[in-house]
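Data file: protein.cif. Format and content: mmCIF, C-alpha atoms.
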data_entry
#
loop_
_atom_site.label_atom_id
_atom_site.label_comp_id
_atom_site.auth_asym_id
_atom_site.auth_seq_id
_atom_site.Cartn_x
_atom_site.Cartn_y
_atom_site.Cartn_z
CA MET U 18 119.93 96.40 35.29
CA ALA U 19 120.96 92.80 35.10
CA VAL U 20 118.38 90.41 36.44
CA ASP U 21 118.80 86.66 36.75
CA LYS U 22 115.25 85.72 37.65
CA PHE U 23 112.23 87.96 37.06
CA LEU U 24 109.16 85.96 38.04
CA VAL U 25 106.07 87.25 36.27
CA GLU U 26 103.19 86.83 38.72
CA ALA U 27 99.49 87.61 38.48
CA SER U 28 99.39 89.61 41.71
CA HIS U 29 102.24 91.82 40.55
CA ILE U 30 100.48 92.38 37.21
CA MET U 31 97.33 93.35 39.14
CA MET U 32 99.21 95.87 41.29
CA PHE U 33 101.02 97.28 38.28
CA ALA U 34 97.76 97.68 36.34
CA ARG U 35 96.20 99.47 39.32
CA SER U 36 99.15 101.85 39.49
CA ILE U 37 98.63 102.95 35.89
CA ALA U 38 94.85 103.12 36.49
CA ASP U 39 94.15 100.44 33.87
CA ASP U 40 90.96 98.53 34.67
CA ASN U 41 91.14 96.17 31.69
CA GLN U 42 90.09 92.87 33.28
CA ILE U 43 92.68 90.93 31.28
CA TYR U 44 95.16 92.13 33.91
CA TYR U 45 93.04 91.02 36.90
CA ASP U 46 90.74 88.12 36.15
CA GLY U 47 91.99 84.81 34.80
CA ASP U 48 88.49 83.59 33.94
CA TYR U 49 87.75 86.73 31.96
CA ALA U 50 91.17 86.52 30.28
CA LYS U 51 90.39 82.99 28.99
CA GLY U 52 87.77 84.52 26.74
CA THR U 53 90.12 87.11 25.23
CA GLU U 54 92.33 86.73 22.18
CA PRO U 55 95.54 86.12 24.21
CA GLY U 56 93.60 83.47 26.21
CA SER U 57 95.21 84.26 29.55
CA ILE U 58 96.21 87.13 31.79
CA ILE U 59 98.96 89.13 30.11
CA ALA U 60 101.11 91.97 31.41
CA PRO U 61 100.54 95.61 30.42
CA PRO U 62 102.99 96.88 27.77
CA THR U 63 105.34 98.68 30.17
CA PHE U 64 105.37 95.97 32.85
CA ALA U 65 108.91 94.83 32.01
CA GLN U 66 110.13 98.04 33.65
CA SER U 67 109.24 96.51 37.01
CA SER U 68 112.13 94.08 36.58
CA ALA U 69 113.78 96.63 38.90
CA GLN U 70 112.05 94.70 41.70
CA PHE U 71 114.22 91.70 40.87
CA ASP U 72 117.54 93.48 40.48
CA PRO U 73 119.42 92.92 43.75
CA ASP U 74 121.57 96.01 43.16
CA TYR U 75 118.91 98.42 41.87
CA PHE U 76 120.07 101.78 43.25
CA LEU U 77 116.64 103.42 43.43
CA ARG U 78 115.37 101.02 46.12
CA PRO U 79 116.34 101.39 49.78
CA LYS U 80 118.52 98.46 50.90
CA ILE U 81 118.14 96.90 54.30
CA GLY U 82 120.77 98.23 56.69
CA GLU U 83 122.18 100.83 54.27
CA PRO U 84 121.75 104.62 54.31
CA TRP U 85 119.13 105.95 51.88
CA PHE U 86 119.58 109.22 50.05
CA GLY U 87 115.94 110.28 50.47
CA SER U 88 114.83 112.30 53.47
CA GLY U 89 114.55 111.11 57.05
CA LYS U 90 115.29 113.51 59.83
CA GLU U 91 117.33 115.55 57.31
CA PRO U 92 116.48 116.26 53.65
CA THR U 93 118.89 113.53 52.57
CA GLY U 94 120.14 110.49 54.45
CA VAL U 95 123.64 110.59 52.96
CA THR U 96 126.38 113.00 53.91
CA SER U 97 127.91 113.45 50.46
CA SER U 98 126.08 115.64 47.95
CA GLY U 99 122.83 113.87 47.26
CA GLY U 100 122.04 115.94 44.20
CA GLY U 101 125.04 115.61 41.96
CA GLY U 102 123.82 118.34 39.67
CA GLY U 103 120.25 118.55 38.56
CA GLY U 104 117.85 115.77 39.01
CA GLY U 105 119.39 114.04 42.02
CA GLY U 106 118.72 110.34 42.24
CA GLY U 107 120.60 109.43 39.10
CA GLY U 108 119.18 111.68 36.44
CA LEU U 109 115.98 111.67 34.45
CA HIS U 110 114.37 109.33 31.97
CA ALA U 111 114.49 110.77 28.45
CA GLU U 112 113.20 107.98 26.21
CA GLN U 113 111.92 104.42 26.44
CA HIS U 114 111.29 101.96 23.61
CA PHE U 115 109.92 98.41 23.70
CA GLU U 116 109.82 95.79 21.01
CA TYR U 117 107.48 92.90 21.81
CA HIS U 118 108.31 89.50 20.41
CA ARG U 119 105.47 88.12 22.52
CA HIS U 120 103.50 89.39 25.53
CA LEU U 121 104.36 88.41 29.09
CA LYS U 122 102.07 86.21 31.14
CA PRO U 123 102.02 84.85 34.69
CA GLY U 124 104.40 81.93 35.05
CA ASP U 125 107.05 83.40 32.80
CA VAL U 126 110.52 83.43 34.33
CA LEU U 127 112.61 86.08 32.64
CA SER U 128 116.23 87.00 32.70
CA ALA U 129 117.46 90.37 31.54
CA GLU U 130 120.80 91.19 30.00
CA VAL U 131 121.81 94.81 29.72
CA LYS U 132 124.06 96.13 27.01
CA PRO U 133 125.40 99.69 27.01
CA GLY U 134 124.41 101.74 23.99
CA LYS U 135 125.39 105.14 22.64
CA THR U 136 126.18 108.20 24.75
CA TRP U 137 125.94 111.78 23.55
CA GLU U 138 125.77 115.35 24.84
CA ARG U 139 123.68 118.38 24.03
CA GLU U 140 123.33 121.90 25.41
CA SER U 141 119.87 122.95 26.60
CA LYS U 142 118.53 126.31 27.70
CA ARG U 143 116.43 124.81 30.49
CA ALA U 144 118.99 122.54 32.19
CA GLY U 145 122.52 123.29 30.91
CA LYS U 146 124.63 120.47 29.51
CA LEU U 147 122.68 117.26 29.00
CA THR U 148 124.49 113.93 28.97
CA PHE U 149 122.44 111.14 27.41
CA SER U 150 123.19 107.44 27.74
CA GLU U 151 121.38 104.53 26.18
CA THR U 152 121.00 100.98 27.48
CA VAL U 153 119.53 98.01 25.66
CA THR U 154 117.91 95.30 27.80
CA GLU U 155 117.06 91.93 26.34
CA TYR U 156 114.44 89.96 28.24
CA ARG U 157 114.50 86.22 27.62
CA ASP U 158 112.02 83.68 28.90
CA GLN U 159 112.46 80.28 30.58
CA ASN U 160 113.15 78.73 27.15
CA GLY U 161 115.82 81.24 26.27
CA GLU U 162 113.53 82.93 23.74
CA LEU U 163 113.81 86.69 23.33
CA VAL U 164 110.47 88.16 24.46
CA ILE U 165 111.06 91.91 24.85
CA THR U 166 113.84 94.21 23.74
CA ALA U 167 113.84 97.43 25.76
CA THR U 168 115.90 100.49 24.94
CA GLY U 169 116.11 103.20 27.55
CA VAL U 170 117.74 106.61 27.34
CA GLY U 171 118.69 108.40 30.54
CA VAL U 172 119.80 111.99 30.83
CA ARG U 173 121.90 113.75 33.45
CA THR U 174 121.34 117.48 33.59
CA GLU U 175 123.87 120.09 34.66
CA ARG U 176 121.23 121.72 36.87
CA PRO U 177 117.56 121.13 37.69
CA VAL U 178 115.28 121.67 34.70
CA ASP U 179 113.88 125.24 34.68
CA GLN U 180 110.11 125.34 35.07
CA MET D 9 88.47 93.94 20.27
CA ALA D 10 91.22 94.21 17.72
CA LEU D 11 91.18 96.80 14.98
CA LYS D 12 90.34 95.91 11.40
CA ALA D 13 92.56 97.36 8.69
CA SER D 14 89.50 97.87 6.50
CA ASP D 15 87.99 100.19 9.12
CA LEU D 16 91.11 102.39 9.43
CA SER D 17 92.31 105.38 7.44
CA ILE D 18 95.50 107.42 7.69
CA GLY D 19 94.81 110.36 9.98
CA ASP D 20 92.18 108.58 12.12
CA THR D 21 92.50 109.54 15.78
CA TYR D 22 91.60 108.00 19.13
CA THR D 23 91.74 110.05 22.36
CA GLU D 24 91.41 109.23 26.05
CA THR D 25 91.77 111.21 29.25
CA LEU D 26 94.57 109.41 31.10
CA VAL D 27 94.18 111.03 34.51
CA GLU D 28 92.46 114.01 36.08
CA ASN D 29 94.17 115.83 38.95
CA LEU D 30 97.03 113.32 39.28
CA SER D 31 97.45 112.46 42.96
CA ARG D 32 100.69 112.03 44.84
CA THR D 33 99.25 108.74 46.04
CA GLN D 34 99.01 107.40 42.49
CA ILE D 35 102.68 108.27 42.05
CA VAL D 36 103.41 106.35 45.28
CA GLN D 37 101.37 103.43 43.92
CA TYR D 38 103.48 103.43 40.75
CA ALA D 39 106.70 103.55 42.77
CA GLY D 40 105.58 100.51 44.75
CA ALA D 41 104.45 98.48 41.74
CA SER D 42 107.40 99.31 39.50
CA GLY D 43 110.07 99.25 42.20
CA ASP D 44 111.40 102.71 41.22
CA TYR D 45 111.64 104.47 44.59
CA ASN D 46 113.58 107.49 43.35
CA PRO D 47 112.77 110.11 46.04
CA LEU D 48 112.21 112.68 43.28
CA HIS D 49 108.79 111.11 42.78
CA THR D 50 107.53 110.74 46.33
CA ASP D 51 109.76 112.60 48.78
CA GLU D 52 108.82 116.29 48.86
CA ILE D 53 111.60 117.32 51.24
CA PHE D 54 114.39 115.68 49.25
CA THR D 55 112.98 116.93 45.95
CA THR D 56 112.65 120.57 47.02
CA LYS D 57 115.65 120.92 49.33
CA VAL D 58 118.24 118.66 47.75
CA ALA D 59 117.30 118.23 44.08
CA GLY D 60 115.98 121.77 43.62
CA TYR D 61 112.57 121.09 42.03
CA PRO D 62 109.35 122.87 43.06
CA THR D 63 107.68 119.61 44.10
CA VAL D 64 107.75 115.88 43.39
CA PHE D 65 106.94 114.79 39.85
CA ALA D 66 105.66 111.63 38.22
CA HIS D 67 107.85 108.86 36.86
CA GLY D 68 108.08 109.19 33.08
CA MET D 69 107.15 105.52 33.06
CA LEU D 70 103.86 106.27 34.81
CA THR D 71 102.92 108.56 31.91
CA MET D 72 104.14 105.91 29.47
CA GLY D 73 102.11 103.27 31.32
CA MET D 74 98.93 105.34 31.23
CA THR D 75 99.51 106.24 27.58
CA GLY D 76 99.97 102.52 26.90
CA ARG D 77 96.52 101.95 28.41
CA MET D 78 95.05 104.29 25.79
CA VAL D 79 96.95 102.42 23.06
CA THR D 80 95.87 98.93 24.16
CA ASN D 81 92.27 100.11 24.59
CA TYR D 82 92.46 101.19 20.95
CA VAL D 83 94.36 98.33 19.30
CA GLY D 84 93.20 95.45 21.50
CA ASP D 85 94.85 93.01 23.89
CA GLY D 86 98.15 91.41 22.92
CA ARG D 87 98.37 93.26 19.60
CA LEU D 88 101.26 95.65 20.24
CA THR D 89 104.55 94.90 18.52
CA LYS D 90 106.40 98.15 19.23
CA TYR D 91 105.91 101.03 21.63
CA GLY D 92 108.35 103.86 22.19
CA VAL D 93 108.23 107.34 23.65
CA ARG D 94 110.21 110.44 24.43
CA PHE D 95 109.50 112.31 27.67
CA THR D 96 109.33 115.97 26.67
CA SER D 97 108.13 117.69 29.83
CA GLN D 98 107.64 116.74 33.46
CA VAL D 99 104.26 115.67 34.86
CA TRP D 100 103.29 117.12 38.25
CA PRO D 101 100.73 116.26 40.94
CA GLY D 102 97.45 117.90 39.97
CA ASP D 103 98.02 117.50 36.24
CA THR D 104 95.27 116.31 33.95
CA LEU D 105 96.56 114.37 30.96
CA SER D 106 94.98 113.57 27.64
CA SER D 107 96.47 111.26 25.05
CA THR D 108 95.81 110.82 21.34
CA ALA D 109 96.83 108.13 18.87
CA THR D 110 96.84 109.09 15.18
CA VAL D 111 97.03 106.50 12.41
CA GLU D 112 100.24 107.27 10.53
CA ASP D 113 100.67 104.21 8.35
CA LEU D 114 98.88 100.99 7.56
CA SER D 115 100.66 98.19 5.71
CA ASP D 116 101.17 94.43 5.83
CA GLY D 117 98.71 93.98 8.69
CA ILE D 118 100.48 96.50 10.92
CA VAL D 119 99.14 99.89 11.94
CA ARG D 120 101.64 102.55 12.95
CA LEU D 121 100.36 105.16 15.38
CA ASN D 122 101.76 108.51 16.32
CA LEU D 123 101.19 109.19 20.03
CA GLN D 124 100.98 112.44 21.91
CA THR D 125 100.11 113.07 25.56
CA THR D 126 99.44 116.63 26.71
CA ASN D 127 98.69 118.30 30.03
CA GLN D 128 95.90 120.72 30.91
CA GLU D 129 97.90 123.60 29.46
CA GLY D 130 98.40 121.86 26.13
CA THR D 131 102.08 121.19 26.78
CA VAL D 132 103.24 117.93 25.22
CA VAL D 133 104.60 115.75 28.02
CA LEU D 134 105.16 112.60 25.95
CA SER D 135 105.46 111.93 22.24
CA GLY D 136 105.96 108.56 20.65
CA TYR D 137 104.80 105.77 18.40
CA ALA D 138 103.25 102.35 18.56
CA GLU D 139 102.86 99.52 16.08
CA ALA D 140 100.22 96.85 16.36
CA ARG D 141 98.86 93.93 14.38
CA VAL D 142 95.46 94.55 12.86
CA ASP D 143 92.99 92.11 11.27
#
Show this structure as structure tokens.
Amino acid sequence: MAVDKFLVEASHIMMFARSIADDNQIYYDGDYAKGTEPGSIIAPPTFAQSSAQFDPDYFLRPKIGEPWFGSGKEPTGVTSSGGGGGGGGGGLHAEQHFEYHRHLKPGDVLSAEVKPGKTWERESKRAGKLTFSETVTEYRDQNGELVITATGVGVRTERPVDQ
Amino acid sequence: MALKASDLSIGDTYTETLVENLSRTQIVQYAGASGDYNPLHTDEIFTTKVAGYPTVFAHGMLTMGMTGRMVTNYVGDGRLTKYGVRFTSQVWPGDTLSSTATVEDLSDGIVRLNLQTTNQEGTVVLSGYAEARVD
């Protein structure tokens, strides 16, 4: 996902920390955070993933005025096949890697550039043919400095994963 | 508090319970905070009738986020330099997850941890690594 302007804000960090049930006060309380080694609120390690909020074209967020493939009156809101093989909704997340050059803090303004990586295939007993694709996202701050390198691997399955 | 290299040995472990009886609402919370509204995680009708799964399941990144909480509780704030995982099995509402970091290597002020998160049946749902600066 390419993102021009990802504003790192304290309230978003708070909501993100709540969602991963992390009560470390460095994510909530600026006064507390002053007394910690980083010296300010920082973002939890996987926070960069929420750059999706700032991607105008992110396909897993309903867009105003456009049909949404999740259920409404019917199981899917689009007339074409919503599933597209197993997984629906664009496949599954297979791997995620982060390299931290420094930690994010409120006030940072990031941009993200996405580079395609490798693709490969593998047969699996539980889901048929698996097609993997890698993307490398470089997050840079307001000074152009590289702050996080994120490598994601997605997988499309031939059919839903057997349980 | 950050870890001290002198207090660590290869094979040391640190374990936390990440969640007990994972609620659908926590998955909704994660969708809202992260911006990933894939219906597979929150929309039971789409997930069962269109995608063909028995029920909704958690974002892999929710498990990675909660595992990251265990890691930062262990290594201290702002100490991580690398963190990577592979999602090996799906996480479902009602799951109880436990996560363990094992010291794999210690050199040049960096500790390398092996990470494993398992569900209540002992199935590994996430495996990975982290590296962090130690004193």
Counting only C-alpha atoms, which residues have an atom no more than 8 Å from (117.6, 116.4, 54.0) in the file's coordinates? Please list them as a PDB file with C-alpha atoms, in the coordinates of the input.
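What follows is the written file out.pdb:
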ATOM      1  CA  GLY U  87     115.940 110.280  50.470  1.00  0.00           C
ATOM      2  CA  SER U  88     114.830 112.300  53.470  1.00  0.00           C
ATOM      3  CA  GLY U  89     114.550 111.110  57.050  1.00  0.00           C
ATOM      4  CA  LYS U  90     115.290 113.510  59.830  1.00  0.00           C
ATOM      5  CA  GLU U  91     117.330 115.550  57.310  1.00  0.00           C
ATOM      6  CA  PRO U  92     116.480 116.260  53.650  1.00  0.00           C
ATOM      7  CA  THR U  93     118.890 113.530  52.570  1.00  0.00           C
ATOM      8  CA  GLY U  94     120.140 110.490  54.450  1.00  0.00           C
TER       9      GLY U  94
ATOM     10  CA  ILE D  53     111.600 117.320  51.240  1.00  0.00           C
ATOM     11  CA  PHE D  54     114.390 115.680  49.250  1.00  0.00           C
ATOM     12  CA  LYS D  57     115.650 120.920  49.330  1.00  0.00           C
ATOM     13  CA  VAL D  58     118.240 118.660  47.750  1.00  0.00           C
TER      14      VAL D  58
END
Using Å and a single decimal, report how far CA of Thr108 (chain D) sits from CA of Val132 (chain D). 11.0 Å
Carefully work through the PyMOL selection byres ((chain U) within 8 of (chain D)) for this structure and note down the residues it includes, as a ChimeraX atom specification. /U:29,32-33,35-39,43,53-55,59,61-64,66-70,77-79,86-88,92-93,99-100,102-106,110-120,177-178
Work out how far CA of Ala65 (chain U) is from CA of Ile165 (chain U), in Å to one decimal. 8.0 Å
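As for CA of Gly47 (chain U) and CA of Asp158 (chain U), they are spaced 20.9 Å apart.
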Given the file shown, enumerate the residues that the PyMOL selection byres ((chain U and resi 160) around 12) captures and present them as an NGL selection string. :U and (125-128 or 156-159 or 161-164)
Going by the chain IDs and residue numbers used in this file, which residues fall under the PyMOL selection byres ((chain D and resi 21) around 7)? Write them as a PyMOL selection string. chain D and resi 19-20+22-23+108-111
Close residues, Val142 (chain D) itself excluded, 7 Å, only C-alpha atoms, min 6 positions apart in chain, as a PyMOL selection string: chain D and resi 10-13+117-119
Determine the nearest neighbour of Pro73 (chain U) from the options U:Val20, U:Gly56, U:Ala50, U:Ala34, counting all atoms listed in the file.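 Nearest candidate to Pro73 (chain U) out of U:Val20, U:Gly56, U:Ala50, U:Ala34: U:Val20.
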Let me have the centre and edge lengths of the axis-aligned box enclosing all listed atoms of region 27-30 of chain D with 5 Å padding on every side, in Å to one decimal, as lines of an AutoDock Vina configuration file.
center_x = 94.7
center_y = 113.4
center_z = 36.9
size_x = 14.6
size_y = 14.8
size_z = 14.8
Reconstruct region 102-113 of chain D at the level of all heavy atoms, and format the result as a compact mmCIF listing (two decimals), keeping the file's coordinate frame.
# COMPACT_ATOMS: atom_id res chain seq x y z
N GLY D 102 98.49 116.95 40.37
CA GLY D 102 97.45 117.90 39.97
C GLY D 102 97.25 118.00 38.48
O GLY D 102 96.25 118.57 38.02
N ASP D 103 98.17 117.43 37.71
CA ASP D 103 98.02 117.50 36.24
C ASP D 103 96.86 116.63 35.76
O ASP D 103 96.54 115.59 36.36
CB ASP D 103 99.31 117.04 35.55
CG ASP D 103 100.36 118.14 35.45
OD1 ASP D 103 100.08 119.28 35.89
OD2 ASP D 103 101.46 117.86 34.94
N THR D 104 96.28 117.08 34.67
CA THR D 104 95.27 116.31 33.95
C THR D 104 95.84 116.04 32.57
O THR D 104 96.27 116.97 31.88
CB THR D 104 93.95 117.11 33.88
OG1 THR D 104 93.39 117.16 35.20
CG2 THR D 104 92.94 116.45 32.94
N LEU D 105 95.90 114.76 32.21
CA LEU D 105 96.56 114.37 30.96
C LEU D 105 95.57 113.77 29.97
O LEU D 105 94.69 113.00 30.35
CB LEU D 105 97.66 113.34 31.23
CG LEU D 105 98.76 113.73 32.22
CD1 LEU D 105 99.76 112.58 32.37
CD2 LEU D 105 99.48 115.00 31.78
N SER D 106 95.78 114.12 28.71
CA SER D 106 94.98 113.57 27.64
C SER D 106 95.93 113.02 26.59
O SER D 106 97.00 113.59 26.36
CB SER D 106 94.12 114.71 27.06
OG SER D 106 93.54 114.30 25.86
N SER D 107 95.56 111.91 25.98
CA SER D 107 96.47 111.26 25.05
C SER D 107 95.74 110.88 23.77
O SER D 107 94.61 110.39 23.80
CB SER D 107 97.06 110.01 25.71
OG SER D 107 98.10 109.48 24.93
N THR D 108 96.42 111.10 22.64
CA THR D 108 95.81 110.82 21.34
C THR D 108 96.73 109.95 20.49
O THR D 108 97.94 110.20 20.42
CB THR D 108 95.53 112.14 20.58
OG1 THR D 108 94.58 112.90 21.33
CG2 THR D 108 94.97 111.89 19.18
N ALA D 109 96.13 108.94 19.87
CA ALA D 109 96.83 108.13 18.87
C ALA D 109 96.31 108.54 17.50
O ALA D 109 95.10 108.68 17.32
CB ALA D 109 96.56 106.65 19.11
N THR D 110 97.22 108.73 16.55
CA THR D 110 96.84 109.09 15.18
C THR D 110 97.41 108.04 14.24
O THR D 110 98.60 107.70 14.32
CB THR D 110 97.41 110.47 14.81
OG1 THR D 110 96.98 111.42 15.79
CG2 THR D 110 96.94 110.92 13.43
N VAL D 111 96.57 107.51 13.36
CA VAL D 111 97.03 106.50 12.41
C VAL D 111 97.96 107.16 11.40
O VAL D 111 97.57 108.11 10.70
CB VAL D 111 95.85 105.82 11.68
CG1 VAL D 111 96.36 104.86 10.61
CG2 VAL D 111 94.96 105.09 12.68
N GLU D 112 99.21 106.65 11.36
CA GLU D 112 100.24 107.27 10.53
C GLU D 112 100.50 106.42 9.29
O GLU D 112 100.81 106.93 8.23
CB GLU D 112 101.52 107.37 11.37
CG GLU D 112 102.53 108.36 10.94
CD GLU D 112 103.64 108.44 11.98
OE1 GLU D 112 104.33 107.42 12.21
OE2 GLU D 112 103.81 109.52 12.56
N ASP D 113 100.38 105.11 9.47
CA ASP D 113 100.67 104.21 8.35
C ASP D 113 99.93 102.90 8.58
O ASP D 113 99.64 102.52 9.72
CB ASP D 113 102.19 103.95 8.26
CG ASP D 113 102.55 103.18 7.00
OD1 ASP D 113 102.06 103.56 5.92
OD2 ASP D 113 103.28 102.18 7.10
